[in-house]
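Asks: Contents of upload-v2.cif (mmCIF, C-alpha atoms) are given next:
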```
data_work
loop_
_atom_site.label_atom_id
_atom_site.label_comp_id
_atom_site.auth_asym_id
_atom_site.auth_seq_id
_atom_site.Cartn_x
_atom_site.Cartn_y
_atom_site.Cartn_z
CA GLY A 880 -12.40 -33.10 2.84
CA GLN A 881 -10.42 -30.75 4.95
CA SER A 882 -11.28 -28.46 7.81
CA LEU A 883 -9.35 -26.25 10.20
CA GLU A 884 -10.73 -24.83 13.41
CA GLN A 885 -9.42 -21.75 15.17
CA PRO A 886 -10.98 -19.47 17.77
CA SER A 887 -12.56 -16.47 16.10
CA GLU A 888 -11.21 -13.91 18.53
CA VAL A 889 -8.60 -13.58 21.27
CA THR A 890 -7.87 -10.56 23.44
CA ALA A 891 -4.69 -10.00 25.46
CA VAL A 892 -2.74 -7.12 26.98
CA GLU A 893 0.57 -5.67 25.95
CA GLY A 894 3.52 -7.65 27.25
CA ALA A 895 1.50 -10.81 27.80
CA ILE A 896 1.74 -14.19 26.11
CA VAL A 897 -1.06 -15.52 23.93
CA GLN A 898 -1.62 -18.90 22.31
CA ILE A 899 -3.74 -19.35 19.20
CA ASN A 900 -4.84 -22.92 18.64
CA CYS A 901 -5.60 -24.72 15.43
CA THR A 902 -7.04 -28.19 14.99
CA TYR A 903 -7.25 -29.72 11.57
CA GLN A 904 -8.77 -32.61 9.70
CA THR A 905 -7.20 -33.50 6.43
CA SER A 906 -6.68 -36.50 4.22
CA GLY A 907 -2.92 -36.54 4.01
CA PHE A 908 -0.92 -34.13 6.12
CA TYR A 909 2.24 -32.39 4.99
CA GLY A 910 2.66 -29.59 7.48
CA LEU A 911 1.03 -26.57 9.11
CA SER A 912 1.69 -22.97 8.17
CA TRP A 913 0.79 -19.76 9.98
CA TYR A 914 0.08 -16.39 8.42
CA GLN A 915 -0.54 -12.94 9.86
CA GLN A 916 -2.80 -10.37 8.27
CA HIS A 917 -3.23 -6.80 9.44
CA ASP A 918 -6.48 -5.07 8.53
CA GLY A 919 -6.35 -4.05 4.91
CA GLY A 920 -3.00 -5.72 4.42
CA ALA A 921 -1.55 -8.78 2.77
CA PRO A 922 -1.30 -12.12 4.57
CA THR A 923 2.32 -12.59 5.64
CA PHE A 924 3.99 -15.93 6.21
CA LEU A 925 5.08 -16.50 9.81
CA SER A 926 6.08 -20.13 10.19
CA TYR A 927 5.83 -23.70 8.97
CA ASN A 928 5.93 -26.94 10.96
CA ALA A 929 6.34 -30.28 9.23
CA LEU A 930 7.44 -32.24 12.28
CA ASP A 931 6.23 -32.45 15.86
CA GLY A 932 7.61 -29.92 18.26
CA LEU A 933 8.23 -26.25 18.70
CA GLU A 934 9.76 -23.89 16.15
CA GLU A 935 10.88 -20.52 17.49
CA THR A 936 11.33 -17.34 15.50
CA GLY A 937 11.93 -14.37 17.74
CA ARG A 938 8.83 -13.54 19.76
CA PHE A 939 6.74 -16.02 17.77
CA SER A 940 6.79 -19.79 18.15
CA SER A 941 4.73 -22.47 16.47
CA PHE A 942 4.00 -25.93 17.76
CA LEU A 943 2.73 -29.06 16.05
CA SER A 944 1.43 -32.39 17.30
CA ARG A 945 0.61 -34.61 14.35
CA SER A 946 -0.86 -37.36 16.52
CA ASP A 947 -3.39 -34.87 17.92
CA SER A 948 -3.93 -33.03 14.59
CA TYR A 949 -3.24 -29.87 16.51
CA GLY A 950 -0.96 -26.91 16.42
CA TYR A 951 -0.65 -23.52 17.99
CA LEU A 952 1.00 -20.18 17.47
CA LEU A 953 2.53 -18.63 20.56
CA LEU A 954 3.14 -14.91 20.68
CA GLN A 955 5.28 -13.58 23.50
CA GLU A 956 5.89 -10.06 24.79
CA LEU A 957 2.83 -8.87 22.94
CA GLN A 958 3.01 -5.50 21.27
CA MET A 959 0.19 -3.32 19.96
CA LYS A 960 1.37 -3.99 16.42
CA ASP A 961 0.59 -7.69 16.90
CA SER A 962 -3.11 -6.86 16.67
CA ALA A 963 -4.05 -8.68 13.49
CA SER A 964 -5.74 -11.81 12.19
CA TYR A 965 -3.80 -15.06 12.32
CA PHE A 966 -4.51 -17.97 9.99
CA CYS A 967 -3.38 -21.56 10.14
CA ALA A 968 -3.18 -23.40 6.84
CA VAL A 969 -2.51 -26.89 5.54
CA ARG A 970 -1.71 -28.17 2.13
CA ALA A 971 -4.74 -29.35 0.20
CA GLY A 972 -4.91 -33.07 0.82
CA ASP A 973 -5.30 -34.49 -2.67
CA THR A 974 -2.11 -35.92 -4.08
CA GLY A 975 -0.54 -33.54 -6.53
CA ARG A 976 -2.39 -30.47 -5.31
CA ARG A 977 -0.07 -27.70 -4.26
CA ALA A 978 -2.51 -25.22 -2.77
CA LEU A 979 -3.19 -24.16 0.81
CA THR A 980 -6.43 -24.51 2.73
CA PHE A 981 -6.80 -21.79 5.34
CA GLY A 982 -8.69 -21.67 8.59
CA SER A 983 -11.19 -18.86 9.22
CA GLY A 984 -8.64 -16.85 11.13
CA THR A 985 -8.27 -15.67 14.70
CA ARG A 986 -8.56 -11.97 15.31
CA LEU A 987 -6.09 -10.94 18.03
CA GLN A 988 -6.76 -7.72 19.86
CA VAL A 989 -3.86 -6.43 21.96
CA GLN A 990 -4.91 -3.90 24.58
CA PRO A 991 -2.69 -1.42 26.41
CA GLU B 1202 13.25 -6.90 -4.35
CA ALA B 1203 9.73 -5.85 -5.24
CA GLY B 1204 6.90 -7.80 -3.65
CA VAL B 1205 3.71 -9.08 -5.22
CA THR B 1206 1.66 -6.25 -6.64
CA GLN B 1207 -2.00 -6.18 -7.55
CA PHE B 1208 -4.09 -3.76 -9.53
CA PRO B 1209 -6.50 -2.17 -8.89
CA SER B 1210 -6.57 -1.92 -5.13
CA HIS B 1211 -10.32 -1.31 -5.19
CA SER B 1212 -13.01 -1.84 -7.79
CA VAL B 1213 -16.70 -1.05 -7.57
CA ILE B 1214 -18.81 -2.36 -10.40
CA GLU B 1215 -22.44 -3.08 -11.07
CA LYS B 1216 -23.89 -6.53 -11.36
CA GLY B 1217 -23.49 -7.78 -14.90
CA GLN B 1218 -20.37 -5.78 -15.65
CA THR B 1219 -16.91 -7.17 -16.29
CA VAL B 1220 -13.83 -6.64 -14.15
CA THR B 1221 -10.24 -7.71 -14.72
CA LEU B 1222 -7.82 -7.99 -11.84
CA ARG B 1223 -4.09 -8.07 -12.38
CA CYS B 1224 -1.29 -9.63 -10.37
CA ASP B 1225 2.44 -9.21 -10.82
CA PRO B 1226 4.29 -11.88 -8.86
CA ILE B 1227 7.77 -11.65 -7.46
CA SER B 1228 10.23 -11.94 -10.32
CA GLY B 1229 11.42 -15.52 -10.79
CA HIS B 1230 8.53 -17.11 -8.92
CA ASP B 1231 7.04 -19.93 -10.98
CA ASN B 1232 4.07 -20.52 -8.68
CA LEU B 1233 1.21 -18.05 -8.75
CA TYR B 1234 -1.98 -18.47 -6.75
CA TRP B 1235 -5.29 -16.65 -6.63
CA TYR B 1236 -7.34 -16.62 -3.42
CA ARG B 1237 -10.49 -14.87 -2.30
CA ARG B 1238 -11.66 -13.74 1.13
CA VAL B 1239 -15.32 -13.01 1.49
CA MET B 1240 -16.91 -11.13 4.41
CA GLY B 1241 -14.07 -11.80 6.84
CA LYS B 1242 -14.26 -15.55 6.36
CA GLU B 1243 -11.47 -17.90 5.44
CA ILE B 1244 -9.09 -17.27 2.60
CA LYS B 1245 -10.31 -19.59 -0.14
CA PHE B 1246 -8.15 -21.00 -2.89
CA LEU B 1247 -9.20 -20.28 -6.46
CA LEU B 1248 -6.41 -21.54 -8.70
CA HIS B 1249 -2.73 -22.20 -9.10
CA PHE B 1250 -0.38 -21.57 -12.01
CA VAL B 1251 3.04 -23.05 -12.53
CA LYS B 1252 4.65 -20.73 -15.00
CA GLU B 1253 1.99 -20.25 -17.70
CA SER B 1254 0.16 -23.52 -17.04
CA LYS B 1255 -2.90 -23.93 -14.87
CA GLN B 1256 -1.90 -26.55 -12.34
CA ASP B 1257 -5.09 -26.57 -10.32
CA GLU B 1258 -8.28 -24.61 -10.90
CA SER B 1259 -10.51 -26.64 -8.64
CA GLY B 1260 -11.37 -23.61 -6.53
CA MET B 1261 -12.79 -21.51 -9.35
CA PRO B 1262 -16.45 -21.00 -8.46
CA ASN B 1263 -17.89 -21.14 -11.97
CA ASN B 1264 -17.22 -20.33 -15.60
CA ARG B 1265 -17.74 -16.62 -15.05
CA PHE B 1266 -14.18 -16.56 -13.76
CA LEU B 1267 -11.29 -16.77 -16.20
CA ALA B 1268 -7.64 -16.64 -15.23
CA GLU B 1269 -4.64 -16.33 -17.48
CA ARG B 1270 -0.93 -16.01 -16.98
CA THR B 1271 0.77 -14.54 -19.98
CA GLY B 1272 4.24 -15.92 -20.64
CA GLY B 1273 4.51 -17.12 -17.09
CA THR B 1274 4.81 -13.60 -15.74
CA TYR B 1275 1.81 -11.52 -14.67
CA SER B 1276 -1.65 -12.97 -14.29
CA THR B 1277 -5.15 -11.66 -14.82
CA LEU B 1278 -8.42 -12.79 -13.30
CA LYS B 1279 -11.52 -11.75 -15.20
CA VAL B 1280 -15.01 -11.92 -13.79
CA GLN B 1281 -17.69 -11.73 -16.46
CA PRO B 1282 -20.51 -11.05 -15.77
CA ALA B 1283 -20.05 -10.11 -12.13
CA GLU B 1284 -22.64 -11.14 -9.55
CA LEU B 1285 -23.26 -9.76 -6.08
CA GLU B 1286 -21.71 -12.83 -4.41
CA ASP B 1287 -18.41 -12.15 -6.17
CA SER B 1288 -17.72 -9.27 -3.79
CA GLY B 1289 -14.70 -9.82 -1.60
CA VAL B 1290 -10.97 -9.34 -1.46
CA TYR B 1291 -9.00 -11.15 -4.14
CA PHE B 1292 -5.44 -11.99 -3.23
CA CYS B 1293 -2.65 -13.14 -5.42
CA ALA B 1294 0.37 -14.98 -4.04
CA SER B 1295 3.59 -16.25 -5.52
CA SER B 1296 6.23 -18.67 -4.35
CA GLN B 1297 9.32 -20.59 -5.34
CA GLY B 1298 11.60 -23.23 -3.93
CA ARG B 1299 11.41 -26.16 -1.55
CA LEU B 1300 8.72 -24.64 0.68
CA ALA B 1301 6.81 -23.09 -2.18
CA ILE B 1302 3.48 -24.52 -1.08
CA TYR B 1303 3.77 -23.46 2.55
CA GLU B 1304 5.58 -20.15 2.27
CA GLN B 1305 3.69 -17.96 -0.13
CA TYR B 1306 4.12 -14.23 -0.66
CA PHE B 1307 0.84 -12.41 -0.89
CA GLY B 1308 -0.06 -9.18 -2.61
CA PRO B 1309 -2.14 -6.49 -0.91
CA GLY B 1310 -5.33 -7.69 -2.59
CA THR B 1311 -8.02 -6.16 -4.74
CA ARG B 1312 -11.22 -5.28 -2.92
CA LEU B 1313 -14.07 -5.96 -5.33
CA THR B 1314 -17.52 -4.63 -4.60
CA VAL B 1315 -20.38 -5.65 -6.86
CA THR B 1316 -23.51 -3.54 -6.42
#
```
For the file at hand, write its structure as structure tokens.

Replies:
Amino acid sequence: GQSLEQPSEVTAVEGAIVQINCTYQTSGFYGLSWYQQHDGGAPTFLSYNALDGLEETGRFSSFLSRSDSYGYLLLQELQMKDSASYFCAVRAGDTGRRALTFGSGTRLQVQP
Amino acid sequence: EAGVTQFPSHSVIEKGQTVTLRCDPISGHDNLYWYRRVMGKEIKFLLHFVKESKQDESGMPNNRFLAERTGGTYSTLKVQPAELEDSGVYFCASSQGRLAIYEQYFGPGTRLTVT
């Protein structure tokens, strides 16, 4: 089976840096994706890591360590609009399946 | 370019009734997925179409759920008869290309409430 673990909630202040961790267990690993979802909105793709290391996209970066089955999303210069839920996701492990399995999400609260 | 659209945005029905949700993917996207999020929990996979064919329906909870994708364009998800535990937000997503599995474009969802 597959499982992903994320903290349920994280709080930070505007301008700060926050790291959202994700550990996963999966039979067959192909990469880790991150999605953002504002309340009442659609999940939006943020990043994808297939290889170890850090991928940077503006204020957001995503890191992967395949040997540790671990990744994180790093948000810098936090803004109020970053308050949202963040999901990590992996491809379903069975060969041939092309679906995503999502974690339970981390609710980020940015305070002034 | 228009994004993924879903209709209706909200639906409130009574237990035992039937509801049909519709999803219009991004034009040209062969992959279409249905997901469900219940009570703020994880987003759970329901099924995956490639064009008009069901590629994977392993996430469909039971035979009260029926999904179709007419001509490889829009898709419908019918719940018949609805039960209380079917309440949740149903998302549709579409994708195309090399990262199609990992980079999916989601619609705004249909919030289904079964009373």

Asks: Find the spatial neighbours of region 1305-1312 of chain B, counting all atoms listed in the file, within a cut-off of 7 Å - ignore same-chain residues fewer than 5 positions away - and output them as a ChimeraX atom specification.

Replies: /A:920-924 /B:1205-1212,1289-1296

Asks: Extract, using all atoms listed in the file, all DNA, RNA and protein residues at most 10 Å from Tyr1275 (chain B), discarding same-chain residues fewer than 3 positions from it, and format them as a ChimeraX atom specification.

Replies: /B:1205-1207,1223-1228,1233,1252-1253,1269-1272

Asks: Could you list, with a cut-off of 12 Å and counting all atoms listed in the file, the residues of chain A near chain B, each shown with its nearest atom pair and the distance in Å rounded to one decimal, rows sorted by chain and ascending number, as a tab-separated table?

Replies:
```
residue	atom	partner	partner_atom	distance
A:Ser882	CA	B:Glu1243	CA	10.8
A:Leu883	CA	B:Glu1243	CA	9.8
A:Glu884	CA	B:Glu1243	CA	10.6
A:Gln885	CA	B:Glu1243	CA	10.7
A:Ser887	CA	B:Lys1242	CA	9.9
A:Tyr909	CA	B:Tyr1303	CA	9.4
A:Gly910	CA	B:Tyr1303	CA	7.9
A:Leu911	CA	B:Tyr1303	CA	7.8
A:Ser912	CA	B:Tyr1303	CA	6.0
A:Trp913	CA	B:Tyr1303	CA	8.8
A:Tyr914	CA	B:Glu1304	CA	9.1
A:Gln915	CA	B:Phe1307	CA	10.9
A:Gln916	CA	B:Pro1309	CA	10.0
A:His917	CA	B:Pro1309	CA	10.4
A:Asp918	CA	B:Gly1241	CA	10.3
A:Gly919	CA	B:Pro1309	CA	7.6
A:Gly920	CA	B:Pro1309	CA	5.5
A:Ala921	CA	B:Pro1309	CA	4.4
A:Pro922	CA	B:Phe1307	CA	5.9
A:Thr923	CA	B:Phe1307	CA	6.7
A:Phe924	CA	B:Glu1304	CA	6.0
A:Leu925	CA	B:Glu1304	CA	8.4
A:Ser926	CA	B:Glu1304	CA	7.9
A:Tyr927	CA	B:Tyr1303	CA	6.7
A:Asn928	CA	B:Tyr1303	CA	9.4
A:Ala929	CA	B:Tyr1303	CA	9.9
A:Ser964	CA	B:Gly1241	CA	9.9
A:Tyr965	CA	B:Glu1243	CA	10.7
A:Phe966	CA	B:Glu1243	CA	8.3
A:Cys967	CA	B:Glu1243	CA	10.0
A:Ala968	CA	B:Tyr1303	CA	8.2
A:Val969	CA	B:Tyr1303	CA	7.8
A:Arg970	CA	B:Ile1302	CA	7.1
A:Ala971	CA	B:Phe1246	CA	9.5
A:Asp973	CA	B:Asp1257	CA	11.0
A:Thr974	CA	B:Asp1257	CA	11.6
A:Gly975	CA	B:Asp1257	CA	9.1
A:Arg976	CA	B:Asp1257	CA	6.9
A:Arg977	CA	B:Ile1302	CA	5.7
A:Ala978	CA	B:Ile1302	CA	6.3
A:Leu979	CA	B:Ile1302	CA	6.9
A:Thr980	CA	B:Phe1246	CA	6.8
A:Phe981	CA	B:Ile1244	CA	5.8
A:Gly982	CA	B:Glu1243	CA	5.6
A:Ser983	CA	B:Glu1243	CA	3.9
A:Gly984	CA	B:Glu1243	CA	6.4
A:Thr985	CA	B:Glu1243	CA	10.0
A:Arg986	CA	B:Gly1241	CA	10.1
```

Asks: Using the chain letters and numbers from this file, what does the PyMOL selection byres ((chain B and resi 1288) around 8) select? Give the answer as a list in words.

Replies: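 Applied to this file, the PyMOL selection byres ((chain B and resi 1288) around 8) selects Val1239, Glu1284, Leu1285, Glu1286, Asp1287, Gly1289, Val1290, Arg1312, Leu1313, Thr1314 and Val1315 of chain B.
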
Asks: When distances are computed from only C-alpha atoms, which of B:Thr1316, B:Ser1276, B:Gln1281, B:Asn1264 shows the smallest separation from Ile1214 (chain B)?

Replies: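 Checking each candidate against Ile1214 (chain B), we get B:Thr1316 as the closest.
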
Asks: Between A:Gln990, A:Ser946, A:Ile899, A:Asp961, which one has atoms that come closest to Leu930 (chain A), using only C-alpha atoms?

Replies: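 Using only C-alpha atoms, Leu930 (chain A) sits closest to A:Ser946.
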
Asks: Once the PyMOL selection byres ((chain A and resi 951) around 6) has been evaluated on this model, what residues remain selected, and can you format them as an NGL selection string?

Replies: :A and (899-901 or 941-942 or 950 or 952)

Asks: So which one's closest to Pro991 (chain A), A:Gly937, A:Gly907, A:Gly932, A:Gly894? Using only C-alpha atoms, please.

Replies: A:Gly894

Asks: Take CA of Ala1283 (chain B) and CA of Arg1265 (chain B) and report the distance between them in Å, one decimal.

Replies: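 CA of Arg1265 (chain B) lies at a distance of 7.5 Å from CA of Ala1283 (chain B).
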
Asks: Have a look at CA of Ser906 (chain A) and CA of Leu943 (chain A) and let me know their distance in Å, one decimal.

Replies: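 CA of Leu943 (chain A) lies 16.8 Å from CA of Ser906 (chain A).
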
Asks: Need to verify the contact set: Glu956 (chain A), 9 Å, only C-alpha atoms, exclusion of same-chain residues closer than 6 positions in sequence. Can you return it as a PDB file with C-alpha atoms, keeping the file's coordinate frame?

Replies:
```
ATOM      1  CA  GLU A 893       0.570  -5.670  25.950  1.00  0.00           C
ATOM      2  CA  GLY A 894       3.520  -7.650  27.250  1.00  0.00           C
ATOM      3  CA  ALA A 895       1.500 -10.810  27.800  1.00  0.00           C
ATOM      4  CA  ILE A 896       1.740 -14.190  26.110  1.00  0.00           C
ATOM      5  CA  VAL A 897      -1.060 -15.520  23.930  1.00  0.00           C
ATOM      6  CA  ARG A 938       8.830 -13.540  19.760  1.00  0.00           C
TER       7      ARG A 938
END
```

Asks: In Å to one decimal, how far is CA of Glu935 (chain A) from CA of Ala963 (chain A)?

Replies: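 Computed distance, CA of Ala963 (chain A) to CA of Glu935 (chain A), equals 19.5 Å.
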
Asks: Expand the PyMOL selection byres ((chain A and resi 988) around 6) into the explicit residue set it covers here, and present it as a PyMOL selection string.

Replies: chain A and resi 890+962+987+989
